[in-house]
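Chemist: model-v7.cif is reproduced in full below (mmCIF, C-alpha atoms).
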```cif
data_entry
loop_
_atom_site.label_atom_id
_atom_site.label_comp_id
_atom_site.auth_asym_id
_atom_site.auth_seq_id
_atom_site.Cartn_x
_atom_site.Cartn_y
_atom_site.Cartn_z
CA MET N 1 5.32 2.70 16.29
CA TRP N 2 3.07 5.73 16.47
CA CYS N 3 1.12 5.36 13.27
CA ASP N 4 0.22 2.51 10.95
CA ARG N 5 -2.25 4.04 8.57
CA LYS N 6 -2.22 1.86 5.51
CA ARG N 7 -5.47 0.57 4.12
CA THR N 8 -6.46 -2.33 1.95
CA PRO N 9 -9.54 -2.95 -0.21
CA THR N 10 -10.78 -5.38 2.45
CA ARG N 11 -11.45 -2.32 4.60
CA ARG N 12 -15.03 -2.15 3.24
CA TRP N 13 -16.01 -4.93 5.68
CA SER N 14 -14.72 -2.96 8.66
CA ALA N 15 -16.54 0.14 7.45
CA ARG N 16 -19.81 -1.77 7.53
CA LEU N 17 -18.99 -2.97 11.02
CA VAL N 18 -18.26 0.56 12.20
CA ALA N 19 -21.58 1.72 10.79
CA ALA N 20 -23.38 -1.05 12.63
CA LEU N 21 -21.64 -0.22 15.89
CA TRP N 22 -22.64 3.40 15.48
CA LEU N 23 -26.29 2.55 14.97
CA ALA N 24 -26.19 0.53 18.18
CA PHE N 25 -24.52 3.41 19.96
CA GLN N 26 -27.22 5.81 18.79
CA VAL N 27 -29.92 3.64 20.34
CA VAL N 28 -28.21 3.98 23.70
CA ALA N 29 -27.24 7.64 23.39
CA ALA N 30 -30.19 9.06 21.48
CA GLY N 31 -31.16 11.26 24.37
CA CYS N 32 -27.76 12.94 24.31
CA ALA N 33 -27.71 13.75 20.63
CA SER N 34 -26.55 17.22 19.70
CA PRO N 35 -28.72 19.60 17.69
CA ALA N 36 -28.46 19.43 13.93
CA GLN N 37 -25.49 21.31 12.54
CA GLU N 38 -25.77 24.38 10.38
CA PRO N 39 -24.39 24.25 6.85
CA VAL N 40 -20.73 25.12 6.60
CA HIS N 41 -20.18 28.88 6.42
CA ALA N 42 -18.89 30.43 3.23
CA ASP N 43 -15.62 31.41 4.87
CA VAL N 44 -14.64 27.75 5.01
CA GLY N 45 -15.21 27.14 1.35
CA ASP N 46 -18.91 26.39 0.88
CA ALA N 47 -18.99 27.00 -2.87
CA PRO N 48 -19.86 23.82 -4.77
CA GLU N 49 -20.26 25.69 -8.03
CA ARG N 50 -16.64 26.92 -7.99
CA ARG N 51 -14.02 24.67 -9.51
CA PRO N 52 -10.46 25.37 -8.35
CA THR N 53 -7.89 24.93 -11.05
CA ALA N 54 -5.66 21.89 -10.55
CA ALA N 55 -1.91 22.39 -10.27
CA PRO N 56 -0.08 22.73 -13.61
CA ALA N 57 0.33 19.22 -14.98
CA SER N 58 3.95 19.61 -16.10
CA ARG N 59 5.16 20.22 -12.54
CA TRP N 60 3.70 16.97 -11.31
CA LEU N 61 3.99 14.74 -14.36
CA ALA N 62 7.75 15.25 -14.26
CA ALA N 63 7.84 12.90 -11.23
CA HIS N 64 8.91 9.38 -12.22
CA HIS N 65 10.00 7.94 -8.86
CA TRP N 66 8.36 8.40 -5.48
CA LEU N 67 9.12 7.56 -1.86
CA TYR N 68 6.31 6.75 0.57
CA GLN N 69 7.52 6.84 4.18
CA LEU N 70 5.43 8.11 7.07
CA GLN N 71 7.55 7.00 10.01
CA ASN N 72 11.22 7.07 11.02
CA LEU N 73 12.09 9.44 8.19
CA ASP N 74 15.79 10.34 8.10
CA ILE N 75 15.55 13.81 6.60
CA ALA N 76 19.20 13.97 5.55
CA ARG N 77 19.03 10.59 3.83
CA ALA N 78 15.70 11.30 2.17
CA ALA N 79 16.93 14.72 1.02
CA ALA N 80 20.04 13.11 -0.50
CA SER N 81 17.99 10.49 -2.35
CA LYS N 82 17.07 10.80 -6.01
CA PHE N 83 13.33 10.35 -5.61
CA ASP N 84 11.34 13.00 -7.50
CA LEU N 85 8.47 13.04 -5.01
CA ILE N 86 8.20 12.20 -1.31
CA VAL N 87 5.06 11.51 0.69
CA THR N 88 5.56 11.74 4.44
CA ASP N 89 3.81 12.91 7.59
CA TYR N 90 3.88 16.56 8.60
CA SER N 91 5.35 15.46 11.94
CA ALA N 92 8.24 13.16 12.82
CA ASP N 93 6.15 11.29 15.39
CA GLY N 94 2.59 12.45 14.71
CA SER N 95 2.64 14.95 17.54
CA GLU N 96 2.68 18.73 17.43
CA GLU N 97 6.05 18.72 19.17
CA GLY N 98 7.50 16.59 16.40
CA ARG N 99 6.16 18.78 13.61
CA TYR N 100 8.66 19.39 10.80
CA THR N 101 9.96 22.93 10.56
CA PRO N 102 9.94 24.93 7.33
CA GLN N 103 13.70 24.48 7.24
CA GLN N 104 13.37 20.69 7.39
CA VAL N 105 10.71 20.66 4.67
CA ALA N 106 12.89 22.93 2.54
CA ALA N 107 15.73 20.43 2.92
CA LEU N 108 13.46 17.64 1.68
CA ARG N 109 12.36 19.75 -1.28
CA ALA N 110 15.93 20.51 -2.35
CA GLY N 111 16.85 17.31 -4.18
CA PRO N 112 20.37 16.60 -5.43
CA SER N 113 19.20 16.93 -9.03
CA GLY N 114 16.94 19.90 -8.47
CA PRO N 115 13.75 20.73 -6.59
CA ARG N 116 11.53 17.81 -5.66
CA LEU N 117 7.88 17.65 -4.63
CA VAL N 118 6.92 16.81 -1.05
CA LEU N 119 3.40 15.91 0.04
CA ALA N 120 2.14 15.79 3.62
CA TYR N 121 -0.12 12.98 4.77
CA LEU N 122 -3.53 14.16 6.00
CA SER N 123 -6.33 11.89 7.18
CA ILE N 124 -9.66 13.50 6.33
CA GLY N 125 -12.01 10.57 7.01
CA GLU N 126 -10.92 9.63 10.53
CA ALA N 127 -9.81 11.51 13.60
CA GLU N 128 -6.61 10.27 15.23
CA ASP N 129 -6.30 10.48 19.01
CA TYR N 130 -2.54 11.18 18.89
CA ARG N 131 -2.94 14.37 16.85
CA TYR N 132 -2.73 17.87 18.27
CA TYR N 133 -6.45 18.58 17.79
CA TRP N 134 -7.66 15.69 19.95
CA GLN N 135 -9.25 16.93 23.16
CA ARG N 136 -9.56 15.29 26.54
CA GLY N 137 -13.04 13.92 27.05
CA TRP N 138 -13.67 13.13 23.41
CA HIS N 139 -15.40 9.83 22.79
CA PRO N 140 -17.90 8.49 20.24
CA GLY N 141 -20.85 10.87 20.18
CA ASN N 142 -18.92 13.67 21.90
CA PRO N 143 -18.37 15.59 19.70
CA ALA N 144 -21.49 14.50 17.86
CA TRP N 145 -19.66 13.88 14.58
CA LEU N 146 -17.22 11.36 16.13
CA ARG N 147 -18.11 7.72 15.47
CA PRO N 148 -16.96 4.56 17.33
CA VAL N 149 -13.32 3.57 17.00
CA ASN N 150 -12.32 1.66 13.93
CA PRO N 151 -11.90 -1.87 15.33
CA GLU N 152 -8.97 -2.53 12.99
CA TRP N 153 -7.05 0.67 13.85
CA LYS N 154 -6.67 1.57 17.50
CA GLY N 155 -6.94 5.29 18.17
CA ASN N 156 -8.66 6.08 14.85
CA TYR N 157 -12.26 7.21 14.81
CA PRO N 158 -14.41 7.63 11.69
CA VAL N 159 -15.92 11.09 11.45
CA GLU N 160 -18.93 12.65 9.80
CA TYR N 161 -16.62 14.44 7.41
CA TRP N 162 -19.34 16.73 6.06
CA GLN N 163 -19.83 18.42 9.42
CA PRO N 164 -18.60 22.03 9.78
CA GLU N 165 -16.78 21.31 13.05
CA TRP N 166 -14.60 18.66 11.43
CA LYS N 167 -13.94 20.88 8.44
CA ARG N 168 -12.75 23.66 10.74
CA ILE N 169 -10.19 21.27 12.20
CA LEU N 170 -8.94 20.54 8.70
CA TYR N 171 -8.75 24.06 7.27
CA GLY N 172 -9.60 27.72 7.53
CA SER N 173 -9.61 28.20 11.30
CA PRO N 174 -6.83 29.10 13.73
CA ASP N 175 -4.47 26.15 14.16
CA ALA N 176 -6.11 24.16 11.33
CA TYR N 177 -4.36 21.06 10.01
CA LEU N 178 -4.05 22.06 6.36
CA ASP N 179 -2.76 25.47 7.36
CA LYS N 180 0.04 23.82 9.31
CA ILE N 181 0.96 21.83 6.23
CA ILE N 182 0.94 24.91 4.01
CA ASP N 183 2.89 27.00 6.51
CA ALA N 184 5.57 24.31 6.75
CA GLY N 185 6.16 24.62 3.00
CA PHE N 186 4.81 21.32 1.67
CA ASP N 187 3.88 21.23 -2.01
CA GLY N 188 0.60 19.50 -1.41
CA ALA N 189 -1.47 17.12 0.70
CA TYR N 190 -1.87 13.36 0.44
CA LEU N 191 -5.43 12.74 1.60
CA ASP N 192 -6.10 9.44 3.33
CA LEU N 193 -9.42 7.79 4.22
CA ILE N 194 -11.10 9.22 1.14
CA GLU N 195 -12.91 5.92 0.84
CA SER N 196 -14.56 6.39 4.24
CA TYR N 197 -17.62 7.52 2.31
CA GLU N 198 -18.32 3.77 2.05
CA THR N 199 -19.04 3.78 5.79
CA PHE N 200 -21.98 6.10 5.33
CA GLU N 201 -23.52 5.15 2.00
CA ASP N 202 -26.28 3.04 3.55
CA GLU N 203 -27.43 5.85 5.81
CA ARG N 204 -26.51 8.94 3.81
CA PRO N 205 -27.37 9.02 0.08
CA THR N 206 -25.03 11.96 -0.52
CA ALA N 207 -21.98 10.35 1.09
CA ARG N 208 -19.92 10.33 -2.12
CA GLN N 209 -20.88 13.85 -3.09
CA ASP N 210 -20.06 15.00 0.44
CA MET N 211 -16.54 13.62 0.14
CA VAL N 212 -16.04 15.24 -3.25
CA GLN N 213 -17.23 18.51 -1.76
CA LEU N 214 -14.71 18.26 1.09
CA VAL N 215 -11.86 17.60 -1.35
CA ARG N 216 -13.03 20.55 -3.44
CA GLU N 217 -13.08 22.82 -0.39
CA LEU N 218 -9.58 21.79 0.66
CA ALA N 219 -8.28 22.51 -2.83
CA GLU N 220 -10.14 25.81 -3.02
CA TYR N 221 -8.81 26.93 0.33
CA ALA N 222 -5.17 26.05 -0.42
CA ARG N 223 -5.12 27.39 -3.96
CA LYS N 224 -7.36 30.42 -3.73
CA THR N 225 -7.59 31.53 -0.09
CA ARG N 226 -3.97 30.74 0.76
CA GLY N 227 -2.69 31.67 -2.69
CA LYS N 228 -0.91 28.38 -3.42
CA ALA N 229 -2.14 28.03 -6.99
CA ASP N 230 -0.12 24.88 -7.71
CA PHE N 231 -0.86 23.14 -4.40
CA GLY N 232 -1.17 19.40 -5.02
CA ILE N 233 -4.26 17.48 -3.95
CA PHE N 234 -3.70 13.72 -3.97
CA PRO N 235 -6.44 11.47 -2.58
CA GLN N 236 -5.38 7.97 -1.64
CA ASN N 237 -7.75 5.31 -3.01
CA GLY N 238 -11.42 6.16 -3.61
CA GLU N 239 -10.83 6.17 -7.36
CA PRO N 240 -14.57 5.70 -8.17
CA LEU N 241 -15.13 9.30 -7.12
CA ALA N 242 -13.99 10.10 -10.66
CA ASP N 243 -17.60 9.32 -11.59
CA ILE N 244 -18.71 12.50 -9.78
CA PRO N 245 -18.64 15.45 -12.22
CA GLY N 246 -15.87 17.92 -11.43
CA TYR N 247 -13.77 15.63 -9.23
CA LEU N 248 -11.05 15.09 -11.81
CA ASP N 249 -10.91 18.86 -12.31
CA VAL N 250 -9.94 19.30 -8.66
CA VAL N 251 -7.38 16.61 -7.92
CA THR N 252 -3.77 16.77 -9.06
CA GLY N 253 -3.38 13.03 -8.98
CA ILE N 254 -4.19 9.94 -6.97
CA GLY N 255 -2.42 7.33 -4.87
CA ARG N 256 -3.64 3.74 -5.03
CA GLU N 257 -2.63 0.95 -2.65
CA ASP N 258 -2.45 -2.80 -3.32
CA LEU N 259 -3.04 -2.49 -7.06
CA TYR N 260 -1.09 -5.63 -7.90
CA TYR N 261 0.13 -6.96 -4.54
CA GLY N 262 -1.04 -6.63 -0.95
CA ASN N 263 -4.75 -7.40 -1.12
CA PRO N 264 -5.76 -9.26 1.01
CA ARG N 265 -2.31 -9.74 2.60
CA ASP N 266 1.14 -8.34 2.04
CA SER N 267 3.10 -10.14 -0.68
CA GLN N 268 -0.09 -11.77 -1.98
CA PRO N 269 -1.36 -11.06 -5.51
CA SER N 270 -4.43 -8.85 -5.53
CA PRO N 271 -7.52 -10.45 -7.10
CA PRO N 272 -7.47 -10.01 -10.89
CA ALA N 273 -11.02 -8.64 -10.92
CA PHE N 274 -10.09 -6.02 -8.33
CA THR N 275 -6.96 -5.03 -10.26
CA ALA N 276 -8.83 -4.76 -13.55
CA GLU N 277 -11.55 -2.58 -12.03
CA VAL N 278 -9.06 -0.23 -10.36
CA GLU N 279 -6.96 0.00 -13.53
CA ARG N 280 -10.07 0.98 -15.45
CA TYR N 281 -10.47 3.99 -13.16
CA LEU N 282 -6.79 4.86 -12.92
CA ASP N 283 -6.54 4.93 -16.70
CA ARG N 284 -9.13 7.71 -16.63
CA TYR N 285 -6.88 9.72 -14.30
CA VAL N 286 -3.94 9.22 -16.65
CA ALA N 287 -6.06 10.28 -19.62
CA ALA N 288 -7.07 13.41 -17.72
CA GLY N 289 -3.41 14.35 -17.23
CA LYS N 290 -3.20 13.37 -13.56
CA LEU N 291 -0.22 11.80 -11.81
CA VAL N 292 -1.07 8.26 -10.70
CA LEU N 293 1.04 6.90 -7.83
CA THR N 294 0.71 3.21 -6.98
CA VAL N 295 2.09 1.30 -4.01
CA ASP N 296 2.31 -2.45 -3.65
CA TYR N 297 3.13 -3.95 -0.27
CA THR N 298 5.66 -6.60 -1.21
CA GLN N 299 9.41 -7.08 -1.18
CA ARG N 300 9.53 -10.25 -3.23
CA PRO N 301 11.79 -9.45 -6.20
CA GLU N 302 9.61 -11.10 -8.81
CA GLN N 303 6.51 -9.28 -7.52
CA VAL N 304 8.32 -5.95 -7.34
CA ALA N 305 9.45 -6.34 -10.95
CA ASP N 306 5.96 -7.35 -12.08
CA GLY N 307 4.27 -4.42 -10.31
CA TYR N 308 6.69 -1.88 -11.76
CA ARG N 309 6.40 -3.34 -15.26
CA ARG N 310 2.61 -3.42 -15.30
CA GLY N 311 2.21 -0.02 -13.71
CA ARG N 312 4.65 1.74 -15.99
CA GLN N 313 3.03 0.22 -19.05
CA ARG N 314 -0.16 2.05 -18.11
CA GLY N 315 1.51 5.36 -17.29
CA TYR N 316 1.52 4.99 -13.50
CA VAL N 317 4.43 5.74 -11.15
CA PRO N 318 4.88 2.57 -9.06
CA TYR N 319 6.52 1.94 -5.71
CA ALA N 320 6.92 -1.25 -3.67
CA THR N 321 7.54 -1.07 0.06
CA VAL N 322 6.54 -2.39 3.50
CA ARG N 323 3.09 -1.62 4.84
CA ASP N 324 4.39 -0.01 8.02
CA LEU N 325 5.94 2.70 5.82
CA ASP N 326 8.73 3.06 8.34
CA LYS N 327 11.77 2.72 6.08
CA MET N 328 13.17 4.00 2.82
CA VAL N 329 12.97 1.09 0.43
CA ILE N 330 15.04 1.34 -2.72
CA ASN N 331 14.12 -1.39 -5.18
CA ARG N 332 17.31 -1.88 -7.16
CA GLY N 333 16.82 -1.50 -10.87
CA PHE N 334 13.51 0.33 -10.42
CA ASP N 335 14.10 3.16 -7.94
CA PRO N 336 16.92 5.70 -8.24
CA ASP N 337 20.07 4.80 -6.28
#
```
In structure tokens, how does this file's structure come out?
Modeler:
Amino acid sequence: MWCDRKRTPTRRWSARLVAALWLAFQVVAAGCASPAQEPVHADVGDAPERRPTAAPASRWLAAHHWLYQLQNLDIARAAASKFDLIVTDYSADGSEEGRYTPQQVAALRAGPSGPRLVLAYLSIGEAEDYRYYWQRGWHPGNPAWLRPVNPEWKGNYPVEYWQPEWKRILYGSPDAYLDKIIDAGFDGAYLDLIESYETFEDERPTARQDMVQLVRELAEYARKTRGKADFGIFPQNGEPLADIPGYLDVVTGIGREDLYYGNPRDSQPSPPAFTAEVERYLDRYVAAGKLVLTVDYTQRPEQVADGYRRGRQRGYVPYATVRDLDKMVINRGFDPD
């Protein structure tokens, strides 16, 4: 299995650990530190005062069923399904060689009942050593914005996501990640590791604002620079960023894991206090006209039914699946056959 990227709310503990490991690393490698970076140049979207218009709500709010599958996607089967929206990787195996062609993406978008929306997964808070941009010789501290490996996720390295060099990997430079997604014909991007700002809050007071700024720049680039005015921007988790002014103006919707089941373990009820707090935020997204996608990691019939019932009552679009996200799960009676 090339990629297991799903997160749970218990990830905050590992973020603290990563931060501690990095501080220890800095003590050893202080003499090799790189010079301070210059602010990101205007040609990669440095315009905090500009607010890109979110995609038209009607296009996205028409989605009532979604499929979340990052691995082992059977394009023909997914294309023939009746899901309104699909979230998948931009590549069949995570590599550049396995990248989906525009023809394959077009097949996914052409649903049996009419056009469907397809989002491409994009990690913006960690670098992944199996992606095309990874260079031989990279290790924590080289480049300077690369932090020690996430101990819970082999091959995944937290990044200083506010740094211009990382932003150039994501968008606006030759061979940039978001450009590949746009060129392939995806309708939007599903942004993972939004909540990585938690890793840096103790050492960087602007960590949350920095993440909001990155999301804003990605949206601005796709919608204005690349001319995709209705390009969808869907962060996964990190719902408290709604407290930052302007954030809800930028995002098209949000994905939220483990809302009812999966935290701390798959098929386990999530703590009521956690669920209530997340619902409080997600309700704000619904009120703002955003599409809220939820995913519970359970296949127990009674839990699936409960998650769908509770989510739909609040205006969310639920899905229940396996955490590996390596199969198309159709929950009978809740997902379209």
Chemist: If you count only C-alpha atoms, which residues fall within 10 Å of range 123-131 of chain N, apart from same-chain ones fewer than 6 positions away, as JSON, numbers by chain?
Modeler: {"N": [2, 3, 5, 91, 93, 94, 95, 96, 138, 139, 146, 147, 149, 150, 153, 154, 155, 156, 157, 158, 159, 160, 161, 162, 166, 167, 169, 170, 177, 189, 190, 191, 192, 193, 194, 195, 196, 197, 199, 211, 214, 215, 235, 236]}
Chemist: Taking the file as shown, find all residues satisfying the PyMOL selection byres ((chain N and resi 100-105) around 8) and write them as a compact mmCIF listing (two decimals) with C-alpha atoms, keeping the file's coordinate frame.
Modeler:
```txt
# COMPACT_ATOMS: atom_id res chain seq x y z
CA ILE N 75 15.55 13.81 6.60
CA TYR N 90 3.88 16.56 8.60
CA SER N 91 5.35 15.46 11.94
CA ALA N 92 8.24 13.16 12.82
CA GLY N 98 7.50 16.59 16.40
CA ARG N 99 6.16 18.78 13.61
CA ALA N 106 12.89 22.93 2.54
CA ALA N 107 15.73 20.43 2.92
CA LEU N 108 13.46 17.64 1.68
CA ARG N 109 12.36 19.75 -1.28
CA VAL N 118 6.92 16.81 -1.05
CA ASP N 183 2.89 27.00 6.51
CA ALA N 184 5.57 24.31 6.75
CA GLY N 185 6.16 24.62 3.00
CA PHE N 186 4.81 21.32 1.67
```
Chemist: Excluding range 83-86 of chain N and its own-chain neighbours fewer than 4 positions away, which residues fall within 10 Å of it when counting all atoms listed in the file? Please give them as a ChimeraX atom specification.
Modeler: /N:60,62-70,78-79,108-109,111-120,187,330,335-337
Chemist: Work out how far CA of Glu220 in chain N is from CA of Gly253 in chain N, in Å to one decimal.
Modeler: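 Value for the CA of Gly253 in chain N-CA of Glu220 in chain N distance: 15.6 Å.
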Chemist: Considering all atoms listed in the file, state which residue in the set N:Pro148, N:Gly232, N:Gly333, N:Pro205 is at the smallest distance from Tyr121 in chain N.
Modeler: N:Gly232
Chemist: Between N:Asp210, N:Ala110, N:Gly262, N:Pro245, which has the minimum distance to Ser81 in chain N (counting all atoms listed in the file)?
Modeler: N:Ala110
Chemist: Write out as a PyMOL selection string the residues lying within 8 Å of Leu241 in chain N, counting only C-alpha atoms and excluding same-chain residues fewer than 3 positions away.
Modeler: chain N and resi 208+212+238+244+247
